[in-house]
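Participant: Below are the structure tokens for one structure; questions will follow.
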Amino acid sequence: MTDLRPLLDIACAALDQTSGLVTEMAPGAVQAKGDRDMVSEIDFAVEERVREFLQKETPEIGFLGEEHGATGLGGSLTWALDPVDGTANLVNGIPLCGVSLGLIENDRAVLGVIDLPFLGQRFKAAEGHGAYADGSRIAVSRTKVLSEAIVGVGDYAVGEHAQERNVRRLALTARLAESVLRVRMLGSAALDLVWVASGKLDASIALSNHPWDMAAGVAIAREAGAVVMDIDGTAHDLRSAATIAVTPGLRDPVMGLLTVL
């Protein structure tokens with residue numbers, strides 16, 4: 001079994017390398033990555049710095065970054081980085097974005113560090129060692145009733161087949177609006193997941209599962225006591241079609257809502 005403690009320290013040191021980049025560097029030229037998708041110069045700068053650091057510190061571990069792809073894959077461990085999760089928020093001056101670095105072992109997220117630079121917070125967790133925000137232990141809420149729940153949902157789809165993919169998302173939003181206290185679309189999967197982990201949200205439902213978006217937040221939410229699953233209720237891993245994190249008391253009620261999909 002992999003000793004995750006030293007790797008958690010390395011992951012924290014990797015994000016230390018990006019200190020100030022997101023908050024002090026101008027987004028610069030914003031490039032289109034497709035229909036209503038974008039990448040900024042900050043995304044590239046953060047990924048390049050973290051990739052370089054981790055290649056020196058852990059050359060035996062593969063690396064997958066959202067902007068420059070994969071290197072050194074093939075072993076049981078892979079770092080997964082989203083250099084700015086919530087780029088659309090960032091370039092529009094909305095402070096809800098994060099730098100998200102996860103570690104995947106055999107298709108399962110086992111470690112995560114997420115910085116929310118404009119909110120001045122760092123969340124971290126390693127499997128079996130608990131989840132923390134700025135050094136303090138965190139845990140999910142105890143909410144058990146849908147009508148008392150605040151639920152975060154992932155962004156609507158853009159790009160190819162977006163209209164047909166959004167039929168499911170709109171149906172989900174409608175079901176949630178009828179049942180829960182409030183629905184929130186914050187524009188950052190990393191933020192959604194750490195807010196579930198710290199009890200600010202009672203559930204997060206994203207009908208997607210890119211490893212750079214989800215790995216770190218999944219590891220943190222799970223260590224904070226969340227149930228993290230696929231849309232059919234099975235345990236979440238890299239092959240999952242969706243990423244659903246809920247406080248344990250809401251698992252069955254949320255699964256009941258998902259039958260519409």
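Each chain in the structure tokens gets a letter, A, B, ..., in the order shown, and its residues are numbered from 1; ligands are numbered from 1 in order too.
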Counting only C-alpha atoms, what is within 10 Å of Asp134 (chain A), bar same-chain residues fewer than 6 positions away, as a list in words?

Facilitator: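 Near Asp134 (chain A), the qualifying residues are Asp115, Gly120, Gln121, Arg122, Phe123 and Lys124 of chain A.
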
Participant: I want to know what sits within 9 Å of region 246-259 of chain A, based on only C-alpha atoms, with residues of the same chain fewer than 2 positions away left out; could you give that as a ChimeraX atom specification?

Facilitator: /A:140-146,149,151,172,175-176,179,196-197,199,201-205,221,225-229,231-233,244,261

Participant: Selection from above, C-alpha atoms, as an mmCIF file, in the first residue's frame, can you write it?

Facilitator:
data_model
loop_
_atom_site.group_PDB
_atom_site.id
_atom_site.type_symbol
_atom_site.label_atom_id
_atom_site.label_comp_id
_atom_site.auth_asym_id
_atom_site.auth_seq_id
_atom_site.Cartn_x
_atom_site.Cartn_y
_atom_site.Cartn_z
ATOM 1 C CA VAL A 140 -19.654 16.877 5.975
ATOM 2 C CA SER A 141 -22.993 18.172 7.221
ATOM 3 C CA ARG A 142 -25.564 16.044 9.039
ATOM 4 C CA THR A 143 -28.455 17.060 6.812
ATOM 5 C CA LYS A 144 -30.923 14.226 6.198
ATOM 6 C CA VAL A 145 -33.904 15.985 4.616
ATOM 7 C CA LEU A 146 -33.933 17.225 1.018
ATOM 8 C CA ALA A 149 -30.366 20.734 1.647
ATOM 9 C CA VAL A 151 -27.122 21.315 -3.517
ATOM 10 C CA LEU A 172 -32.120 17.357 -12.887
ATOM 11 C CA ARG A 175 -36.288 17.985 -9.916
ATOM 12 C CA LEU A 176 -33.918 19.661 -7.468
ATOM 13 C CA SER A 179 -37.317 19.310 -3.647
ATOM 14 C CA VAL A 196 -19.467 19.464 0.523
ATOM 15 C CA ALA A 197 -16.459 18.255 2.525
ATOM 16 C CA GLY A 199 -20.475 21.206 5.249
ATOM 17 C CA LEU A 201 -23.081 22.295 0.636
ATOM 18 C CA ASP A 202 -25.006 19.142 1.451
ATOM 19 C CA ALA A 203 -24.509 17.568 -1.974
ATOM 20 C CA SER A 204 -22.777 18.168 -5.285
ATOM 21 C CA ILE A 205 -24.013 16.624 -8.521
ATOM 22 C CA ALA A 221 -14.896 14.872 0.122
ATOM 23 C CA GLY A 225 -17.263 11.604 5.295
ATOM 24 C CA ALA A 226 -19.111 12.147 2.021
ATOM 25 C CA VAL A 227 -20.516 9.318 -0.028
ATOM 26 C CA VAL A 228 -19.003 9.779 -3.493
ATOM 27 C CA MET A 229 -20.643 7.765 -6.239
ATOM 28 C CA ILE A 231 -25.079 8.094 -11.134
ATOM 29 C CA ASP A 232 -26.101 4.464 -10.506
ATOM 30 C CA GLY A 233 -24.960 4.571 -6.885
ATOM 31 C CA ILE A 244 -22.002 12.791 -7.016
ATOM 32 C CA LEU A 261 -32.092 10.731 -15.651
#

Participant: Determine, counting only C-alpha atoms, which protein, DNA and RNA residues have an atom within 10 Å of an atom of Ala11 (chain A); residues of the same chain fewer than 2 positions away are not included. Present the result as a VMD selection string.

Facilitator: chain A and resid 5 to 9 13 to 16 50 53 to 54 57 79 101 to 103 111 to 114 124

Participant: Do a neighbour search on Gly128 (chain A) at 9 Å with only C-alpha atoms, toss out local chain neighbours closer than 3 positions, and write the hits as a list in words.

Facilitator: Leu4, Val110, Ala125 and Glu223 of chain A

Participant: If you run DSSP on the backbone, which residues of region 47-251 of chain A are helix (DSSP H, G or I), as an NGL selection string?

Facilitator: :A and (47-57 or 87-91 or 146-148 or 162-179 or 189-197 or 211-223 or 248-251)

Participant: What does the distance from CA of Ala131 (chain A) to CA of Glu105 (chain A) come to in Å, to one decimal?

Facilitator: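 Computing it gives 17.9 Å between the two atoms.
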
Participant: Give me the residues near Asp155 (chain A) as an mmCIF file with all heavy atoms, in the first residue's frame, where near means some atom within 12 Å (using only C-alpha atoms) and where sequence neighbours in that chain fewer than 3 positions away do not count.

Facilitator:
data_model
loop_
_atom_site.group_PDB
_atom_site.id
_atom_site.type_symbol
_atom_site.label_atom_id
_atom_site.label_comp_id
_atom_site.auth_asym_id
_atom_site.auth_seq_id
_atom_site.Cartn_x
_atom_site.Cartn_y
_atom_site.Cartn_z
ATOM 1 N N ARG A 36 -17.537 27.945 -26.293
ATOM 2 C CA ARG A 36 -17.713 28.535 -24.969
ATOM 3 C C ARG A 36 -16.815 27.911 -23.901
ATOM 4 O O ARG A 36 -17.173 27.805 -22.739
ATOM 5 C CB ARG A 36 -19.190 28.450 -24.548
ATOM 6 C CG ARG A 36 -20.092 29.361 -25.363
ATOM 7 C CD ARG A 36 -21.550 29.070 -25.097
ATOM 8 N NE ARG A 36 -21.958 27.800 -25.682
ATOM 9 C CZ ARG A 36 -23.067 27.147 -25.377
ATOM 10 N NH1 ARG A 36 -23.895 27.656 -24.465
ATOM 11 N NH2 ARG A 36 -23.380 26.008 -25.963
ATOM 12 N N ASP A 37 -15.635 27.494 -24.315
ATOM 13 C CA ASP A 37 -14.632 26.993 -23.386
ATOM 14 C C ASP A 37 -13.357 27.777 -23.625
ATOM 15 O O ASP A 37 -13.101 28.224 -24.750
ATOM 16 C CB ASP A 37 -14.392 25.503 -23.603
ATOM 17 C CG ASP A 37 -13.673 24.857 -22.431
ATOM 18 O OD1 ASP A 37 -13.470 25.541 -21.403
ATOM 19 O OD2 ASP A 37 -13.312 23.670 -22.536
ATOM 20 N N ASP A 85 -9.453 25.574 -11.979
ATOM 21 C CA ASP A 85 -10.785 25.018 -12.114
ATOM 22 C C ASP A 85 -11.773 26.161 -11.908
ATOM 23 O O ASP A 85 -11.923 26.670 -10.799
ATOM 24 C CB ASP A 85 -11.027 23.915 -11.083
ATOM 25 C CG ASP A 85 -12.359 23.248 -11.296
ATOM 26 O OD1 ASP A 85 -12.536 22.638 -12.364
ATOM 27 O OD2 ASP A 85 -13.234 23.355 -10.416
ATOM 28 N N GLY A 86 -12.399 26.575 -13.007
ATOM 29 C CA GLY A 86 -13.269 27.742 -12.982
ATOM 30 C C GLY A 86 -12.659 28.906 -13.747
ATOM 31 O O GLY A 86 -12.731 30.057 -13.315
ATOM 32 N N ALA A 88 -13.594 30.370 -16.468
ATOM 33 C CA ALA A 88 -14.575 31.391 -16.863
ATOM 34 C C ALA A 88 -14.844 32.350 -15.720
ATOM 35 O O ALA A 88 -14.993 33.564 -15.921
ATOM 36 C CB ALA A 88 -15.863 30.727 -17.343
ATOM 37 N N ASN A 89 -14.903 31.818 -14.494
ATOM 38 C CA ASN A 89 -15.056 32.699 -13.330
ATOM 39 C C ASN A 89 -13.844 33.620 -13.197
ATOM 40 O O ASN A 89 -13.979 34.832 -12.995
ATOM 41 C CB ASN A 89 -15.203 31.871 -12.055
ATOM 42 C CG ASN A 89 -16.580 31.245 -11.910
ATOM 43 O OD1 ASN A 89 -17.499 31.538 -12.669
ATOM 44 N ND2 ASN A 89 -16.728 30.365 -10.931
ATOM 45 N N GLY A 152 -25.175 21.777 -4.855
ATOM 46 C CA GLY A 152 -24.437 22.343 -5.977
ATOM 47 C C GLY A 152 -24.569 21.449 -7.197
ATOM 48 O O GLY A 152 -24.566 20.224 -7.077
ATOM 49 N N VAL A 158 -21.403 22.395 -22.861
ATOM 50 C CA VAL A 158 -21.146 23.204 -24.051
ATOM 51 C C VAL A 158 -20.468 22.289 -25.074
ATOM 52 O O VAL A 158 -20.086 21.175 -24.771
ATOM 53 C CB VAL A 158 -20.240 24.423 -23.734
ATOM 54 C CG1 VAL A 158 -20.936 25.364 -22.778
ATOM 55 C CG2 VAL A 158 -18.894 23.981 -23.160
ATOM 56 N N ALA A 162 -24.236 19.513 -27.094
ATOM 57 C CA ALA A 162 -24.586 20.155 -25.830
ATOM 58 C C ALA A 162 -26.095 20.179 -25.608
ATOM 59 O O ALA A 162 -26.566 19.966 -24.490
ATOM 60 C CB ALA A 162 -24.014 21.568 -25.798
ATOM 61 N N ARG A 165 -27.249 16.797 -24.422
ATOM 62 C CA ARG A 165 -26.692 16.501 -23.102
ATOM 63 C C ARG A 165 -27.341 17.350 -22.018
ATOM 64 O O ARG A 165 -27.485 16.913 -20.870
ATOM 65 C CB ARG A 165 -25.172 16.713 -23.117
ATOM 66 C CG ARG A 165 -24.421 15.669 -23.940
ATOM 67 C CD ARG A 165 -23.063 16.174 -24.379
ATOM 68 N NE ARG A 165 -22.213 16.524 -23.264
ATOM 69 C CZ ARG A 165 -21.223 17.405 -23.341
ATOM 70 N NH1 ARG A 165 -20.978 18.035 -24.483
ATOM 71 N NH2 ARG A 165 -20.483 17.656 -22.287
ATOM 72 N N ASN A 166 -27.784 18.546 -22.384
ATOM 73 C CA ASN A 166 -28.395 19.422 -21.391
ATOM 74 C C ASN A 166 -29.841 19.066 -21.073
ATOM 75 O O ASN A 166 -30.393 19.566 -20.090
ATOM 76 C CB ASN A 166 -28.289 20.877 -21.843
ATOM 77 C CG ASN A 166 -26.917 21.450 -21.551
ATOM 78 O OD1 ASN A 166 -26.258 21.057 -20.593
ATOM 79 N ND2 ASN A 166 -26.464 22.373 -22.387
ATOM 80 N N ARG A 169 -29.463 17.554 -17.762
ATOM 81 C CA ARG A 169 -29.092 18.545 -16.752
ATOM 82 C C ARG A 169 -30.276 19.433 -16.380
ATOM 83 O O ARG A 169 -30.478 19.756 -15.215
ATOM 84 C CB ARG A 169 -27.911 19.373 -17.269
ATOM 85 C CG ARG A 169 -26.597 18.584 -17.276
ATOM 86 C CD ARG A 169 -25.546 19.244 -18.160
ATOM 87 N NE ARG A 169 -24.240 18.626 -17.997
ATOM 88 C CZ ARG A 169 -23.868 17.482 -18.567
ATOM 89 N NH1 ARG A 169 -24.731 16.824 -19.345
ATOM 90 N NH2 ARG A 169 -22.657 16.986 -18.364
ATOM 91 N N LEU A 170 -31.046 19.817 -17.377
ATOM 92 C CA LEU A 170 -32.225 20.644 -17.103
ATOM 93 C C LEU A 170 -33.285 19.857 -16.335
ATOM 94 O O LEU A 170 -33.944 20.399 -15.442
ATOM 95 C CB LEU A 170 -32.794 21.188 -18.409
ATOM 96 C CG LEU A 170 -31.919 22.257 -19.080
ATOM 97 C CD1 LEU A 170 -32.348 22.467 -20.525
ATOM 98 C CD2 LEU A 170 -31.984 23.566 -18.311
ATOM 99 N N LEU A 172 -32.636 17.442 -14.251
ATOM 100 C CA LEU A 172 -32.120 17.357 -12.887
ATOM 101 C C LEU A 172 -32.374 18.654 -12.130
ATOM 102 O O LEU A 172 -32.831 18.639 -10.982
ATOM 103 C CB LEU A 172 -30.620 17.057 -12.918
ATOM 104 C CG LEU A 172 -29.887 17.136 -11.581
ATOM 105 C CD1 LEU A 172 -30.435 16.103 -10.604
ATOM 106 C CD2 LEU A 172 -28.380 16.962 -11.776
ATOM 107 N N THR A 173 -32.086 19.787 -12.774
ATOM 108 C CA THR A 173 -32.313 21.077 -12.119
ATOM 109 C C THR A 173 -33.777 21.233 -11.721
ATOM 110 O O THR A 173 -34.086 21.712 -10.623
ATOM 111 C CB THR A 173 -31.896 22.224 -13.050
ATOM 112 O OG1 THR A 173 -30.517 22.065 -13.411
ATOM 113 C CG2 THR A 173 -32.067 23.567 -12.371
ATOM 114 N N ARG A 184 -27.409 25.550 -6.299
ATOM 115 C CA ARG A 184 -26.312 26.475 -6.585
ATOM 116 C C ARG A 184 -25.468 25.940 -7.742
ATOM 117 O O ARG A 184 -25.090 24.767 -7.740
ATOM 118 C CB ARG A 184 -25.425 26.650 -5.346
ATOM 119 C CG ARG A 184 -26.144 27.289 -4.151
ATOM 120 C CD ARG A 184 -26.387 28.771 -4.407
ATOM 121 N NE ARG A 184 -27.028 29.447 -3.268
ATOM 122 C CZ ARG A 184 -28.306 29.781 -3.237
ATOM 123 N NH1 ARG A 184 -29.095 29.490 -4.270
ATOM 124 N NH2 ARG A 184 -28.807 30.385 -2.184
ATOM 125 N N MET A 185 -25.173 26.798 -8.713
ATOM 126 C CA MET A 185 -24.230 26.465 -9.781
ATOM 127 C C MET A 185 -23.065 27.454 -9.650
ATOM 128 O O MET A 185 -23.167 28.615 -10.050
ATOM 129 C CB MET A 185 -24.874 26.564 -11.164
ATOM 130 C CG MET A 185 -23.939 26.170 -12.299
ATOM 131 S SD MET A 185 -24.715 26.305 -13.934
ATOM 132 C CE MET A 185 -25.781 24.860 -13.921
ATOM 133 N N LEU A 186 -21.960 26.993 -9.088
ATOM 134 C CA LEU A 186 -20.850 27.868 -8.715
ATOM 135 C C LEU A 186 -19.760 27.944 -9.776
ATOM 136 O O LEU A 186 -18.923 28.838 -9.738
ATOM 137 C CB LEU A 186 -20.263 27.410 -7.380
ATOM 138 C CG LEU A 186 -21.279 27.357 -6.231
ATOM 139 C CD1 LEU A 186 -20.645 26.740 -4.994
ATOM 140 C CD2 LEU A 186 -21.837 28.733 -5.921
ATOM 141 N N GLY A 187 -19.740 27.009 -10.715
ATOM 142 C CA GLY A 187 -18.796 27.086 -11.818
ATOM 143 C C GLY A 187 -17.436 26.490 -11.544
ATOM 144 O O GLY A 187 -16.502 26.690 -12.321
ATOM 145 N N SER A 188 -17.293 25.720 -10.469
ATOM 146 C CA SER A 188 -16.024 25.071 -10.151
ATOM 147 C C SER A 188 -16.309 23.770 -9.427
ATOM 148 O O SER A 188 -16.804 23.781 -8.291
ATOM 149 C CB SER A 188 -15.143 25.964 -9.277
ATOM 150 O OG SER A 188 -14.063 25.239 -8.715
ATOM 151 N N ALA A 189 -15.974 22.649 -10.047
ATOM 152 C CA ALA A 189 -16.180 21.348 -9.414
ATOM 153 C C ALA A 189 -15.339 21.211 -8.156
ATOM 154 O O ALA A 189 -15.782 20.631 -7.156
ATOM 155 C CB ALA A 189 -15.844 20.228 -10.397
ATOM 156 N N ASP A 192 -17.113 23.054 -5.398
ATOM 157 C CA ASP A 192 -18.296 22.298 -4.994
ATOM 158 C C ASP A 192 -17.923 21.171 -4.040
ATOM 159 O O ASP A 192 -18.554 20.971 -2.997
ATOM 160 C CB ASP A 192 -18.991 21.690 -6.214
ATOM 161 C CG ASP A 192 -19.790 22.699 -7.030
ATOM 162 O OD1 ASP A 192 -20.059 23.800 -6.515
ATOM 163 O OD2 ASP A 192 -20.145 22.368 -8.167
ATOM 164 N N SER A 204 -23.254 17.625 -4.013
ATOM 165 C CA SER A 204 -22.777 18.168 -5.285
ATOM 166 C C SER A 204 -23.041 17.124 -6.353
ATOM 167 O O SER A 204 -22.681 15.954 -6.181
ATOM 168 C CB SER A 204 -21.282 18.477 -5.205
ATOM 169 O OG SER A 204 -20.761 18.780 -6.488
ATOM 170 N N ILE A 205 -23.666 17.551 -7.439
ATOM 171 C CA ILE A 205 -24.013 16.624 -8.521
ATOM 172 C C ILE A 205 -23.450 17.169 -9.821
ATOM 173 O O ILE A 205 -23.847 18.240 -10.284
ATOM 174 C CB ILE A 205 -25.536 16.456 -8.648
ATOM 175 C CG1 ILE A 205 -26.139 15.977 -7.326
ATOM 176 C CG2 ILE A 205 -25.871 15.475 -9.772
ATOM 177 C CD1 ILE A 205 -27.660 15.954 -7.312
ATOM 178 N N ALA A 206 -22.513 16.439 -10.397
ATOM 179 C CA ALA A 206 -21.930 16.808 -11.693
ATOM 180 C C ALA A 206 -22.066 15.622 -12.634
ATOM 181 O O ALA A 206 -21.620 14.518 -12.306
ATOM 182 C CB ALA A 206 -20.462 17.198 -11.528
ATOM 183 N N LEU A 207 -22.674 15.851 -13.778
ATOM 184 C CA LEU A 207 -22.854 14.769 -14.749
ATOM 185 C C LEU A 207 -21.641 14.688 -15.666
ATOM 186 O O LEU A 207 -21.752 14.656 -16.891
ATOM 187 C CB LEU A 207 -24.145 14.980 -15.537
ATOM 188 C CG LEU A 207 -25.419 15.030 -14.675
ATOM 189 C CD1 LEU A 207 -26.644 15.158 -15.567
ATOM 190 C CD2 LEU A 207 -25.530 13.813 -13.780
ATOM 191 N N SER A 208 -20.469 14.660 -15.047
ATOM 192 C CA SER A 208 -19.198 14.560 -15.766
ATOM 193 C C SER A 208 -18.149 14.019 -14.809
ATOM 194 O O SER A 208 -18.384 13.962 -13.595
ATOM 195 C CB SER A 208 -18.761 15.936 -16.298
ATOM 196 O OG SER A 208 -18.553 16.833 -15.212
#

Participant: Which of region 52-235 of chain A end up as strand (DSSP E) when DSSP is run on this backbone - answer as a ChimeraX atom specification?

Facilitator: /A:62-65,69-71,77-85,98-105,108-116,121-126,131-133,136-137,150-153,182-184,203-206,227-229

Participant: Extract, using only C-alpha atoms, all DNA, RNA and protein residues at most 8 Å from Asp107 (chain A), discarding same-chain residues fewer than 6 positions from it, and format them as a PyMOL selection string.

Facilitator: chain A and resi 237-239

Participant: Kindly export the residues of the current selection with all heavy atoms, as a tab-separated table (two decimals), in the first residue's frame.

Facilitator:
chain	number	residue	atom	x	y	z
A	237	ASP	N	-15.10	6.13	-9.35
A	237	ASP	CA	-13.71	5.97	-9.78
A	237	ASP	C	-13.56	6.66	-11.13
A	237	ASP	O	-14.47	7.35	-11.60
A	237	ASP	CB	-13.28	4.50	-9.82
A	237	ASP	CG	-14.06	3.66	-10.83
A	237	ASP	OD1	-14.63	4.22	-11.79
A	237	ASP	OD2	-14.11	2.44	-10.66
A	238	LEU	N	-12.41	6.49	-11.77
A	238	LEU	CA	-12.16	7.21	-13.02
A	238	LEU	C	-13.09	6.79	-14.15
A	238	LEU	O	-13.28	7.54	-15.10
A	238	LEU	CB	-10.71	6.99	-13.47
A	238	LEU	CG	-9.63	7.75	-12.71
A	238	LEU	CD1	-8.33	7.66	-13.49
A	238	LEU	CD2	-10.00	9.20	-12.51
A	239	ARG	N	-13.69	5.63	-14.04
A	239	ARG	CA	-14.59	5.16	-15.10
A	239	ARG	C	-16.02	5.65	-14.92
A	239	ARG	O	-16.87	5.42	-15.77
A	239	ARG	CB	-14.57	3.63	-15.16
A	239	ARG	CG	-13.22	3.04	-15.55
A	239	ARG	CD	-13.26	1.51	-15.58
A	239	ARG	NE	-13.54	0.98	-14.25
A	239	ARG	CZ	-12.61	0.73	-13.33
A	239	ARG	NH1	-11.35	1.01	-13.58
A	239	ARG	NH2	-12.94	0.24	-12.16

Participant: Please determine, counting only C-alpha atoms, which residue among A:Ser147, A:Ser19, A:Ser76, A:Thr58 has the shortest atom-to-atom distance to Ile104 (chain A).

Facilitator: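 Among the listed residues, the smallest separation from Ile104 (chain A) belongs to A:Ser76.
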
Participant: Identify, on the basis of only C-alpha atoms, every residue whose closest approach to Ala109 (chain A) does not exceed 10 Å; exclude the query and any residue fewer than 6 positions from it along the same chain; express the result as a short mmCIF file (atom, residue, chain, number, x, y, z; two decimals) with N, CA, C and O atoms, in the first residue's frame.

Facilitator:
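The result, stored in out35.cif:
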data_model
loop_
_atom_site.label_atom_id
_atom_site.label_comp_id
_atom_site.auth_asym_id
_atom_site.auth_seq_id
_atom_site.Cartn_x
_atom_site.Cartn_y
_atom_site.Cartn_z
N LEU A 77 0.31 4.98 -10.11
CA LEU A 77 0.05 6.31 -9.56
C LEU A 77 0.11 7.37 -10.66
O LEU A 77 1.01 7.33 -11.51
N THR A 78 -0.81 8.32 -10.60
CA THR A 78 -0.83 9.44 -11.54
C THR A 78 -1.29 10.70 -10.83
O THR A 78 -2.34 10.70 -10.16
N TRP A 79 -0.53 11.78 -10.97
CA TRP A 79 -0.99 13.09 -10.54
C TRP A 79 -1.99 13.61 -11.57
O TRP A 79 -1.81 13.40 -12.77
N ALA A 80 -3.04 14.29 -11.11
CA ALA A 80 -4.03 14.91 -12.02
C ALA A 80 -4.23 16.35 -11.59
O ALA A 80 -4.62 16.62 -10.45
N GLY A 102 -4.75 16.28 -7.64
CA GLY A 102 -5.12 15.01 -7.03
C GLY A 102 -4.12 13.92 -7.38
O GLY A 102 -3.32 14.06 -8.32
N LEU A 103 -4.16 12.85 -6.62
CA LEU A 103 -3.36 11.67 -6.91
C LEU A 103 -4.30 10.49 -7.09
O LEU A 103 -5.16 10.24 -6.24
N ALA A 126 -5.65 12.88 2.47
CA ALA A 126 -5.08 11.66 1.94
C ALA A 126 -5.88 10.50 2.54
O ALA A 126 -6.31 10.57 3.70
N GLU A 127 -6.10 9.49 1.76
CA GLU A 127 -6.95 8.37 2.19
C GLU A 127 -6.45 7.79 3.50
O GLU A 127 -5.29 7.44 3.64
N PRO A 211 -10.75 13.54 -14.86
CA PRO A 211 -9.90 13.31 -13.69
C PRO A 211 -9.25 14.57 -13.14
O PRO A 211 -9.09 14.72 -11.93
N MET A 214 -11.91 16.34 -11.01
CA MET A 214 -12.56 15.66 -9.89
C MET A 214 -11.64 14.98 -8.89
O MET A 214 -12.01 14.83 -7.72
N ALA A 215 -10.47 14.53 -9.31
CA ALA A 215 -9.68 13.64 -8.44
C ALA A 215 -9.42 14.23 -7.07
O ALA A 215 -9.67 13.58 -6.04
N ALA A 216 -8.91 15.44 -7.01
CA ALA A 216 -8.57 16.04 -5.72
C ALA A 216 -9.80 16.22 -4.85
O ALA A 216 -9.82 15.85 -3.66
N GLY A 217 -10.85 16.79 -5.41
CA GLY A 217 -12.06 17.04 -4.64
C GLY A 217 -12.74 15.78 -4.17
O GLY A 217 -13.28 15.73 -3.06
N VAL A 218 -12.73 14.75 -5.00
CA VAL A 218 -13.31 13.46 -4.60
C VAL A 218 -12.57 12.90 -3.39
O VAL A 218 -13.19 12.43 -2.42
N ALA A 219 -11.23 12.93 -3.42
CA ALA A 219 -10.45 12.42 -2.29
C ALA A 219 -10.75 13.20 -1.02
O ALA A 219 -10.89 12.62 0.07
N ILE A 220 -10.86 14.51 -1.13
CA ILE A 220 -11.12 15.35 0.05
C ILE A 220 -12.53 15.11 0.58
O ILE A 220 -12.73 14.94 1.80
N ARG A 222 -14.46 12.49 0.21
CA ARG A 222 -14.58 11.15 0.78
C ARG A 222 -13.96 11.08 2.17
O ARG A 222 -14.54 10.50 3.10
N HIS A 236 -17.47 5.79 -6.72
CA HIS A 236 -16.87 6.61 -7.76
C HIS A 236 -15.44 6.17 -8.05
O HIS A 236 -14.66 5.88 -7.14
N ASP A 237 -15.10 6.13 -9.35
CA ASP A 237 -13.71 5.97 -9.78
C ASP A 237 -13.56 6.66 -11.13
O ASP A 237 -14.47 7.35 -11.60
N LEU A 238 -12.41 6.49 -11.77
CA LEU A 238 -12.16 7.21 -13.02
C LEU A 238 -13.09 6.79 -14.15
O LEU A 238 -13.28 7.54 -15.10
#

Participant: When you count only C-alpha atoms, which of these residues is closest to Ala224 (chain A): A:Arg182, A:Ala133, A:Gly159, A:Thr243?

Facilitator: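 Looking at the shortest contact to Ala224 (chain A), the residue is A:Ala133.
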